[in-house]
file my_file_1.tsv (TSV, C-alpha atoms)
chain	number	residue	atom	x	y	z
E	121	MET	CA	0.00	0.00	0.00
E	122	LYS	CA	2.93	2.35	0.63
E	123	LYS	CA	3.91	2.10	-3.04
E	124	LYS	CA	0.34	2.89	-4.10
E	125	GLN	CA	0.29	5.94	-1.83
E	126	PHE	CA	3.52	7.17	-3.39
E	127	GLY	CA	1.99	6.56	-6.81
E	128	ILE	CA	-1.06	8.66	-5.89
E	129	LEU	CA	1.13	11.42	-4.47
E	130	TYR	CA	3.29	11.60	-7.58
E	131	ILE	CA	0.39	11.59	-10.04
E	132	VAL	CA	-1.36	14.39	-8.11
E	133	LEU	CA	1.88	16.42	-8.05
E	134	SER	CA	2.23	15.75	-11.77
E	135	SER	CA	-1.31	16.98	-12.38
E	136	PHE	CA	-0.57	20.19	-10.48
E	137	CYS	CA	2.60	20.76	-12.51
E	138	PHE	CA	0.78	20.22	-15.80
E	139	ALA	CA	-1.97	22.62	-14.70
E	140	MET	CA	0.71	25.24	-13.94
E	141	MET	CA	2.29	24.51	-17.32
E	142	ASN	CA	-1.00	25.32	-19.05
E	143	VAL	CA	-1.20	28.60	-17.12
E	144	PHE	CA	2.25	29.70	-18.30
E	145	VAL	CA	1.57	28.52	-21.86
E	146	ARG	CA	-1.54	30.70	-21.88
E	147	LEU	CA	0.36	33.65	-20.41
E	148	SER	CA	2.99	33.31	-23.16
E	149	GLY	CA	0.47	34.70	-25.65
E	150	ASP	CA	-0.01	34.12	-29.36
E	151	LEU	CA	2.95	31.97	-30.42
E	152	PRO	CA	3.02	28.91	-32.71
E	153	SER	CA	2.01	25.85	-30.70
E	154	ILE	CA	4.94	23.82	-31.99
E	155	GLN	CA	7.32	26.53	-30.73
E	156	LYS	CA	5.70	26.32	-27.31
E	157	SER	CA	6.08	22.54	-27.43
E	158	PHE	CA	9.78	22.83	-28.28
E	159	PHE	CA	10.57	25.06	-25.30
E	160	ARG	CA	8.41	22.87	-23.08
E	161	ASN	CA	10.58	19.86	-23.88
E	162	LEU	CA	13.89	21.74	-24.04
E	163	VAL	CA	13.71	22.72	-20.36
E	164	ALA	CA	12.72	19.18	-19.37
E	165	LEU	CA	15.71	17.92	-21.37
E	166	ILE	CA	18.12	20.21	-19.49
E	167	VAL	CA	16.65	19.32	-16.08
E	168	ALA	CA	16.85	15.58	-16.83
E	169	LEU	CA	20.44	15.94	-18.08
E	170	VAL	CA	21.51	17.76	-14.89
E	171	ILE	CA	19.95	15.02	-12.73
E	172	LEU	CA	21.59	12.28	-14.79
E	173	MET	CA	25.01	13.93	-14.53
E	174	ARG	CA	24.61	14.45	-10.79
E	175	ASP	CA	23.46	10.91	-10.05
E	176	LYS	CA	25.59	9.31	-12.80
E	177	THR	CA	22.62	7.17	-13.78
E	178	TRP	CA	22.31	6.44	-17.50
E	179	PHE	CA	21.10	3.64	-19.72
E	180	SER	CA	20.63	0.30	-17.99
E	181	GLY	CA	22.47	-1.46	-20.81
E	182	LYS	CA	19.51	-3.71	-21.65
E	183	LYS	CA	19.36	-3.62	-25.45
E	184	GLU	CA	15.76	-4.85	-25.52
E	185	ASN	CA	14.74	-1.63	-23.73
E	186	ILE	CA	15.82	0.53	-26.66
E	187	LYS	CA	12.67	-0.22	-28.66
E	188	TYR	CA	10.50	0.56	-25.63
E	189	LEU	CA	12.29	3.88	-25.10
E	190	PHE	CA	11.69	4.69	-28.77
E	191	LEU	CA	8.00	3.75	-28.58
E	192	ARG	CA	7.52	5.81	-25.40
E	193	SER	CA	9.25	8.83	-26.97
E	194	LEU	CA	7.42	8.57	-30.28
E	195	ALA	CA	4.01	8.15	-28.65
E	196	GLY	CA	4.68	10.98	-26.19
E	197	THR	CA	5.71	13.36	-28.98
E	198	VAL	CA	2.66	12.46	-31.07
E	199	GLY	CA	0.48	13.01	-28.00
E	200	ILE	CA	1.87	16.50	-27.35
E	201	LEU	CA	1.62	17.63	-30.97
E	202	CYS	CA	-1.92	16.27	-31.37
E	203	ASN	CA	-3.03	17.94	-28.15
E	204	PHE	CA	-1.56	21.29	-29.20
E	205	TYR	CA	-3.21	20.97	-32.60
E	206	ALA	CA	-6.57	20.25	-30.96
E	207	VAL	CA	-6.16	23.26	-28.66
E	208	ASP	CA	-5.50	25.48	-31.70
E	209	HIS	CA	-8.45	24.19	-33.76
E	210	LEU	CA	-11.14	23.28	-31.20
E	211	LEU	CA	-12.76	24.96	-28.26
E	212	LEU	CA	-10.50	24.59	-25.24
E	213	SER	CA	-13.18	22.57	-23.44
E	214	ASP	CA	-13.40	20.09	-26.31
E	215	ALA	CA	-9.63	19.74	-26.57
E	216	SER	CA	-9.41	19.19	-22.80
E	217	LEU	CA	-12.04	16.47	-22.95
E	218	LEU	CA	-10.16	14.56	-25.65
E	219	ASN	CA	-6.89	14.88	-23.74
E	220	LYS	CA	-8.54	13.47	-20.61
E	221	MET	CA	-9.27	10.23	-22.47
E	222	SER	CA	-5.67	9.24	-21.67
E	223	PRO	CA	-6.46	7.59	-18.28
E	224	PHE	CA	-8.83	5.21	-20.08
E	225	PHE	CA	-6.22	4.35	-22.68
E	226	VAL	CA	-3.59	3.79	-19.99
E	227	ILE	CA	-5.81	1.13	-18.42
E	228	VAL	CA	-6.62	-0.47	-21.80
E	229	PHE	CA	-3.00	-0.58	-22.96
E	230	SER	CA	-1.84	-1.81	-19.54
E	231	PHE	CA	-4.25	-4.73	-19.92
E	232	PHE	CA	-2.89	-5.72	-23.35
E	233	ILE	CA	0.79	-4.79	-22.99
E	234	LEU	CA	1.49	-5.36	-19.28
E	235	LYS	CA	-1.20	-8.00	-18.73
E	236	GLU	CA	-2.51	-6.07	-15.71
E	237	LYS	CA	-5.90	-7.35	-14.64
E	238	ILE	CA	-8.69	-4.79	-14.42
E	239	LYS	CA	-11.47	-5.13	-11.88
E	240	PRO	CA	-15.01	-3.97	-12.85
E	241	THR	CA	-15.17	-1.65	-9.82
E	242	GLN	CA	-12.03	0.16	-10.97
E	243	ILE	CA	-13.47	0.63	-14.46
E	244	VAL	CA	-16.72	2.06	-13.01
E	245	ILE	CA	-14.77	4.50	-10.82
E	246	VAL	CA	-12.67	5.79	-13.74
E	247	ILE	CA	-15.83	6.18	-15.85
E	248	GLY	CA	-17.40	8.11	-12.96
E	249	ALA	CA	-14.42	10.48	-12.85
E	250	PHE	CA	-14.67	10.96	-16.62
E	251	LEU	CA	-18.37	11.80	-16.35
E	252	GLY	CA	-17.49	14.30	-13.63
E	253	SER	CA	-14.99	15.91	-16.01
E	254	LEU	CA	-17.77	16.23	-18.60
E	255	LEU	CA	-19.71	18.46	-16.19
E	256	ILE	CA	-16.67	20.72	-15.89
E	257	ILE	CA	-15.50	20.71	-19.51
E	258	LYS	CA	-18.97	20.85	-21.14
E	259	PRO	CA	-18.08	19.65	-24.66
E	260	THR	CA	-20.05	21.06	-27.59
E	261	THR	CA	-21.66	19.24	-30.52
E	262	SER	CA	-18.89	20.55	-32.80
E	263	ILE	CA	-16.56	17.96	-31.29
E	264	LEU	CA	-18.28	15.39	-33.52
E	265	GLN	CA	-17.98	17.52	-36.65
E	266	SER	CA	-14.36	18.67	-36.74
E	267	PRO	CA	-11.49	16.54	-38.10
E	268	ALA	CA	-9.38	18.11	-35.34
E	269	SER	CA	-11.38	16.07	-32.83
E	270	ILE	CA	-9.97	12.87	-34.34
E	271	ILE	CA	-6.45	14.26	-33.95
E	272	GLY	CA	-7.23	15.28	-30.37
E	273	LEU	CA	-8.50	11.79	-29.58
E	274	LEU	CA	-5.35	10.35	-31.15
E	275	GLY	CA	-3.37	12.59	-28.81
E	276	GLY	CA	-5.12	11.15	-25.74
E	277	MET	CA	-4.57	7.64	-27.06
E	278	ALA	CA	-0.87	8.31	-27.74
E	279	ALA	CA	-0.40	9.72	-24.22
E	280	GLY	CA	-1.98	6.61	-22.71
E	281	TYR	CA	0.26	4.41	-24.86
E	282	ALA	CA	3.35	6.38	-23.78
E	283	TYR	CA	2.55	6.14	-20.06
E	284	THR	CA	2.07	2.39	-20.38
E	285	TYR	CA	5.63	2.05	-21.64
E	286	VAL	CA	6.84	4.27	-18.81
E	287	ARG	CA	5.68	1.60	-16.38
E	288	LEU	CA	7.14	-1.20	-18.51
E	289	LEU	CA	10.53	0.54	-18.65
E	290	GLY	CA	10.46	1.06	-14.89
E	291	GLU	CA	9.85	-2.63	-14.38
E	292	ARG	CA	12.76	-3.39	-16.74
E	293	GLY	CA	15.25	-1.30	-14.78
E	294	GLU	CA	15.30	2.10	-16.51
E	295	LYS	CA	15.45	5.14	-14.24
E	296	GLY	CA	12.87	7.93	-14.47
E	297	PRO	CA	15.30	10.77	-15.32
E	298	PHE	CA	16.76	8.74	-18.20
E	299	ILE	CA	13.29	8.03	-19.63
E	300	VAL	CA	12.44	11.75	-19.43
E	301	PHE	CA	15.82	12.64	-21.00
E	302	VAL	CA	15.29	10.32	-23.98
E	303	PHE	CA	11.72	11.49	-24.52
E	304	SER	CA	12.61	15.18	-24.27
E	305	SER	CA	15.59	14.74	-26.63
E	306	PHE	CA	13.43	12.94	-29.17
E	307	SER	CA	10.69	15.59	-28.98
E	308	CYS	CA	13.15	18.48	-29.34
E	309	LEU	CA	14.79	16.92	-32.39
E	310	ALA	CA	11.38	16.19	-33.94
E	311	THR	CA	10.09	19.76	-33.51
E	312	LEU	CA	13.31	21.73	-34.09
E	313	PRO	CA	13.03	21.84	-37.93
E	314	PHE	CA	9.51	23.28	-37.72
E	315	VAL	CA	10.62	25.89	-35.17
E	316	LEU	CA	13.51	26.99	-37.40
E	317	VAL	CA	11.23	27.32	-40.44
E	318	ASP	CA	8.39	29.14	-38.66
E	319	TYR	CA	10.08	30.86	-35.72
E	320	SER	CA	8.13	33.69	-34.12
E	321	PRO	CA	10.12	36.42	-32.27
E	322	MET	CA	9.38	36.52	-28.55
E	323	THR	CA	9.42	39.23	-25.92
E	324	GLY	CA	11.27	38.73	-22.63
E	325	LYS	CA	7.98	38.05	-20.88
E	326	GLN	CA	6.96	35.42	-23.44
E	327	LEU	CA	10.33	33.67	-23.18
E	328	GLY	CA	10.12	33.74	-19.38
E	329	CYS	CA	6.62	32.23	-19.45
E	330	LEU	CA	7.74	29.45	-21.80
E	331	LEU	CA	10.76	28.68	-19.63
E	332	LEU	CA	8.50	28.48	-16.57
E	333	ALA	CA	6.10	26.30	-18.57
E	334	GLY	CA	9.05	24.05	-19.39
E	335	ILE	CA	10.04	23.79	-15.72
E	336	CYS	CA	6.46	22.85	-14.80
E	337	ALA	CA	6.35	20.37	-17.68
E	338	ALA	CA	9.57	18.79	-16.38
E	339	GLY	CA	7.97	18.44	-12.95
E	340	GLY	CA	4.90	16.89	-14.54
E	341	GLN	CA	6.98	14.44	-16.57
E	342	PHE	CA	9.07	13.36	-13.60
E	343	GLY	CA	5.95	13.08	-11.46
E	344	ILE	CA	3.93	10.91	-13.81
E	345	THR	CA	6.98	8.79	-14.63
E	346	ALA	CA	7.51	8.12	-10.92
E	347	ALA	CA	3.78	7.48	-10.39
E	348	TYR	CA	3.59	4.64	-12.90
E	349	PHE	CA	6.81	3.20	-11.46
E	350	TYR	CA	5.11	2.78	-8.10
E	351	ALA	CA	1.61	1.55	-8.94
E	352	PRO	CA	-0.48	-0.04	-11.72
E	353	ALA	CA	-2.53	2.27	-13.94
E	354	ARG	CA	-5.83	0.71	-12.84
E	355	GLU	CA	-5.20	1.91	-9.28
E	356	ILE	CA	-3.96	5.48	-9.80
E	357	SER	CA	-5.10	6.74	-13.23
E	358	VAL	CA	-8.29	8.22	-11.74
E	359	TYR	CA	-6.16	10.74	-9.83
E	360	ASP	CA	-4.98	12.20	-13.14
E	361	TYR	CA	-8.32	14.04	-13.23
E	362	SER	CA	-7.12	16.20	-10.33
E	363	GLN	CA	-5.52	18.36	-13.04
E	364	ILE	CA	-8.98	19.65	-13.94
E	365	ILE	CA	-9.57	20.73	-10.34
E	366	PHE	CA	-6.16	22.40	-10.12
E	367	SER	CA	-6.85	24.17	-13.42
E	368	ALA	CA	-10.16	25.47	-12.08
E	369	ILE	CA	-8.51	26.86	-8.93
E	370	LEU	CA	-5.67	28.47	-10.89
E	371	GLY	CA	-8.15	29.84	-13.44
E	372	PHE	CA	-10.09	31.53	-10.64
E	373	VAL	CA	-7.03	32.93	-8.84
E	374	ILE	CA	-5.07	34.09	-11.92
E	375	PHE	CA	-7.66	34.68	-14.65
E	376	HIS	CA	-10.70	35.38	-12.41
E	377	GLN	CA	-12.69	32.58	-14.04
E	378	LEU	CA	-15.62	31.60	-11.83
E	379	PRO	CA	-16.91	28.00	-12.19
E	380	ASP	CA	-20.66	27.46	-12.58
E	381	VAL	CA	-22.83	25.05	-10.59
E	382	TYR	CA	-22.26	22.15	-13.02
E	383	SER	CA	-18.51	22.55	-12.61
E	384	TRP	CA	-18.82	22.41	-8.84
E	385	ILE	CA	-20.84	19.19	-9.14
E	386	GLY	CA	-18.13	17.83	-11.43
E	387	TYR	CA	-15.42	18.66	-8.86
E	388	ILE	CA	-17.38	16.85	-6.16
E	389	VAL	CA	-17.86	13.80	-8.40
E	390	ILE	CA	-14.15	13.60	-9.29
E	391	CYS	CA	-13.09	13.96	-5.64
E	392	ALA	CA	-15.64	11.31	-4.63
E	393	MET	CA	-14.33	8.89	-7.28
E	394	ALA	CA	-10.74	9.46	-6.09
E	395	VAL	CA	-11.75	8.72	-2.48
E	396	LEU	CA	-13.68	5.61	-3.56
E	397	MET	CA	-10.66	4.34	-5.51
E	398	TYR	CA	-8.42	4.89	-2.50
E	399	PHE	CA	-10.68	2.96	-0.12
E	400	TYR	CA	-11.30	0.24	-2.68
E	401	ASN	CA	-7.57	-0.32	-3.15
E	402	ASN	CA	-7.08	-0.41	0.63
E	403	LYS	CA	-9.85	-2.97	1.03
E	404	TRP	CA	-8.49	-5.13	-1.77
E	405	ALA	CA	-4.97	-4.99	-0.34
E	406	LYS	CA	-6.20	-6.19	3.06
E	407	LYS	CA	-8.00	-9.13	1.43
E	408	LYS	CA	-4.76	-10.24	-0.23
E	409	VAL	CA	-2.88	-10.25	3.11

call {"tool": "encode", "arguments": {"input": "my_file_1.tsv", "output": "structure tokens"}}
result
Amino acid sequence: MKKKQFGILYIVLSSFCFAMMNVFVRLSGDLPSIQKSFFRNLVALIVALVILMRDKTWFSGKKENIKYLFLRSLAGTVGILCNFYAVDHLLLSDASLLNKMSPFFVIVFSFFILKEKIKPTQIVIVIGAFLGSLLIIKPTTSILQSPASIIGLLGGMAAGYAYTYVRLLGERGEKGPFIVFVFSSFSCLATLPFVLVDYSPMTGKQLGCLLLAGICAAGGQFGITAAYFYAPAREISVYDYSQIIFSAILGFVIFHQLPDVYSWIGYIVICAMAVLMYFYNNKWAKKKV
């Protein structure tokens, strides 16, 4: 149970970091999304490199892990780019909804790739959290009409696929900072040509916001990597929805956005599902003892 509690702690911290990242991305203003993505990953790359040099922890040497590192990096990069594209071409609420499909895909891919058994109660709780997010996000009918919605859904699927391989790599001996380093390096190399071709000049404030967004993104990456090291997706993925609650609080404090009654109901539902998952996991753990 201690490992599960650490997993919950790390995924909640990751959600907070990603919520802060979105705040700084928004504060950075009207810049190409791929440029924002590049700086997001560049800072994470530097942070991971510093940690690796300090701890002198690099590749485990297991050649079979190379393909898993590549698949995690490729899927993570596709997920980021698809999510940014959806944000640029859909209502923010619709794009957020599609991105929050990732906890479902983590559970599905964990079942097929990691052979983790899923209990019906856990599925019901995750669905309950998703329904709570619908009350907050309030998707529009246009989500079914825009091709960008397909790309946004692909982004959520790719993120779920990437996080599944994070857990697999952890089980196979790779350290979190190295996984983040490889992913960030891959993403920077993949986006650099587009940034060079379509670079938009930035003010000092915009650069500062993107650097802070990158620091928060690094925290989010390290957090979610550690979370899936400690616990199976079926037990902690529901806590990924805490990002929506953090976003609502930050939106009120920084942008003076006041949630409506449906949003408040959604917050209560998500918190209730998180508490139910916690007690269910505790009960199941005691039965196994």

call {"tool": "atom_distance", "arguments": {"input": "my_file_1.tsv", "atom1": "atom CA of Ile131 of chain E", "atom2": "atom CA of Ser222 of chain E"}}
result
13.3 Å

call {"tool": "closest_atom_pairs", "arguments": {"input": "my_file_1.tsv", "of": "segment 301-391 of chain E", "to": "segment 274-297 of chain E", "cutoff": "9 Å", "atoms": "all atoms listed in the file", "output": "tab-separated table"}}
result
residue	atom	partner	partner_atom	distance
E:Phe301	CA	E:Pro297	CA	6.0
E:Val302	CA	E:Pro297	CA	8.7
E:Phe342	CA	E:Gly296	CA	6.7
E:Ile344	CA	E:Tyr283	CA	8.0
E:Thr345	CA	E:Gly296	CA	6.0
E:Ala346	CA	E:Gly296	CA	6.4
E:Ala347	CA	E:Arg287	CA	8.6
E:Tyr348	CA	E:Arg287	CA	5.1
E:Phe349	CA	E:Arg287	CA	5.3
E:Tyr350	CA	E:Arg287	CA	8.4
E:Ala351	CA	E:Arg287	CA	8.5
E:Pro352	CA	E:Arg287	CA	7.9
E:Ala353	CA	E:Thr284	CA	7.9

call {"tool": "residues_around", "arguments": {"input": "my_file_1.tsv", "residues": "Ser305 of chain E", "least_positions_apart": "6", "cutoff": "8 Å", "atoms": "all atoms listed in the file", "output": "PyMOL selection string"}}
result
chain E and resi 161-162+165

call {"tool": "residues_near_point", "arguments": {"input": "my_file_1.tsv", "point": "(14.1, 18.7, -34.6)", "cutoff": "12 Å", "atoms": "all atoms listed in the file", "output": "list in words"}}
result
Ile154, Gln155, Ser157, Phe158, Phe159, Asn161, Leu162, Thr197, Ser304, Ser305, Phe306, Ser307, Cys308, Leu309, Ala310, Thr311, Leu312, Pro313, Phe314, Val315, Leu316 and Val317 of chain E

call {"tool": "closest_atom_pairs", "arguments": {"input": "my_file_1.tsv", "of": "segment 215-309 of chain E", "to": "segment 378-387 of chain E", "cutoff": "7 Å", "atoms": "all atoms listed in the file", "output": "tab-separated table"}}
result
residue	atom	partner	partner_atom	distance
E:Gly252	CA	E:Gly386	CA	4.2
E:Ser253	CA	E:Gly386	CA	5.9
E:Leu255	CA	E:Gly386	CA	5.1
E:Ile256	CA	E:Ser383	CA	4.2

call {"tool": "atom_distance", "arguments": {"input": "my_file_1.tsv", "atom1": "atom CA of Gln125 of chain E", "atom2": "atom CA of Phe225 of chain E"}}
result
21.9 Å

call {"tool": "closest_residue", "arguments": {"input": "my_file_1.tsv", "among": "E:Leu332, E:Ile299, E:Val143, E:Leu370", "to": "Leu191 of chain E", "atoms": "all atoms listed in the file"}}
result
E:Ile299
